[in-house]
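Worksheet for the structure shown next.
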Amino acid sequence: MSIENLGTYPPAAVPQWLSLGSNSWILTATTLVMIQSVPALALFYAGMTRKRFSMNTVMMVLYSFASTFLIWTILGYSMSFYSSSIHVGGLNFLGLPLPVWSLPMFGEATYGPSGTQLNIPFLTFVMFQFAFAAITPGLIVGAIVERTNFKAWMIFSPIWILVVYAPVAYWLFAGGWLNQLGAIDYSGGYVIHMTAGYSALALAMAVGQRLPRERKVEAHNLLLTALGFGLDWMGWNGFNGGDAGGATIDAAIAVFNTNLAAAAAAIMWIAIDMKVFGKSSFTGLANGAFAGLVAITPMAGMVNPSEALITGLITAPIVWLGIYKLLPRLKVDDALGVFPVHGIGGTVGGLLTGLMIDPTVSNYYLPGYRGALFGNVHQFLVQALAVLVVGLYSFFVSLGLAKLIAKVTPLRLDRDAILHGDFYIHGEASYPDLYLAKSDQSVTHREKLKEETEIK
């Protein structure tokens, strides 16, 4: 893009490699993805919980956001995207762990063992990838609300970024070994959604179930949830559109496909609900849309719109079955259905990617890539391998990490904390009147008379 009218800036501020349009778009996309965490995901989850745990739920998401930025700056980015530090037989497994300030911060963005170049500033790319990393542990929160020890979460979240998120990001975003075998994850169907979904399943197993009478979702404010949902859906334009790497035709393709898949999945989910339950619900529509958004993510800029439509229509019933049939059989208390929506949805999307990459579309992003439906069965096989590796790795490493943390501090809140919620855990609450009413009810008649006498 021309920089002819920027003569008042120092030459170093507008180098020849800089694309002003691409930099503007990726900074905008970064902001959209950050909004998906704060406030969108926090509101979406908080509205779905009971009143007494709404602030605790928000705190868990916000803590992950803040702690991820610190860990990302110190080690996470370089482990996810910098030149290889662990390689076996020519395959690269992990980036070199260095703080961001030890890297070429003010130059052009380059990443991965091959030094892939982008015509945007290095720090723009660091921030964009941070936004992805930050939302991922936040997604896990939905599976473990209303009974998880906040101290344990404070330990789990930042370590999880280093031991689960960073390696998988390197394998599928930065040119690591799964990329070298030919696997592709356009925007995080594997790296974000599968890691979050399978880790959520493991952590929900480790933490245990909610109180027996509270194992069904009791959304206290669906309007909050709707606000968070809307911001998350709109934010997905940056989530998938930004992974084109710049202001390109492919960015427009990714945004269009993203919304088409989401709309198709939402309508399909409503249709299933009406057939099975005789009514539609907002939570059903939201789950359907999220299923479509998750599934299109690994292929958003590499398929044509008809394939995006098919993706939404196929994914919705599979995730629906995951919530209403599989979870009850697993007997795991995944409170808000994180594993079905993100784990199963990501799995379906990852497999469909191997089938449906369209060479006429991938030509705008990665020329030469094509799915099994276009004659390349190997693409499906390598995508299936990536599904297996990411799912198993995320589940078992997360489960092991949870068990190690349990030796330091309990994973689960004690019974008093579970019964009292926010005020007991954090000393403040979204609805203080709720606690005042309970406190007033607990005062005996004799104590009330004593108080009235003292006041007189």
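In the structure tokens, chains take letters A, B, ... by order of appearance, with residues numbered from 1 within each chain and ligands from 1 in the order shown.
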Tell me which protein, DNA and RNA residues are within 9 Å of Ile161 in chain A, counting only C-alpha atoms, leaving out same-chain ones fewer than 3 positions away, and put them as a ChimeraX atom specification. /A:68,71-72,76,133-134,136-137,156-158,164-167
Please report, as CSV, each residue of range 274-319 of chain A lying at most 12 Å from range 210-223 of chain A, together with the nearest pair of atoms and the separation in Å rounded to one decimal; use only C-alpha atoms, and order rows by chain and ascending residue number.
```
residue,atom,partner,partner_atom,distance
A:Ser281,CA,A:Leu222,CA,10.8
A:Phe282,CA,A:Leu222,CA,8.2
A:Thr283,CA,A:Leu222,CA,8.4
A:Ala286,CA,A:Leu222,CA,11.0
```
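Rounded to one decimal, CA of Ser85 in chain A and CA of Leu98 in chain A lie 10.5 Å from each other.
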Point out the residue among A:Pro39, A:Gly242, A:Gly292, A:Gly228 with the least atom-to-atom distance to Ile318 in chain A, counting only C-alpha atoms. A:Gly292
Select, from A:Leu103, A:Ile26, A:Ile267, A:Val145, the residue with the minimum atom-to-atom distance to Met59 in chain A, counting only C-alpha atoms.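 Looking at the shortest contact to Met59 in chain A, the residue is A:Val145.
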Neighbours of Val100 in chain A within 12 Å (only C-alpha atoms; same-chain residues fewer than 5 positions away dropped), as a ChimeraX atom specification? /A:69-82,105-106,122-123,125-127,130
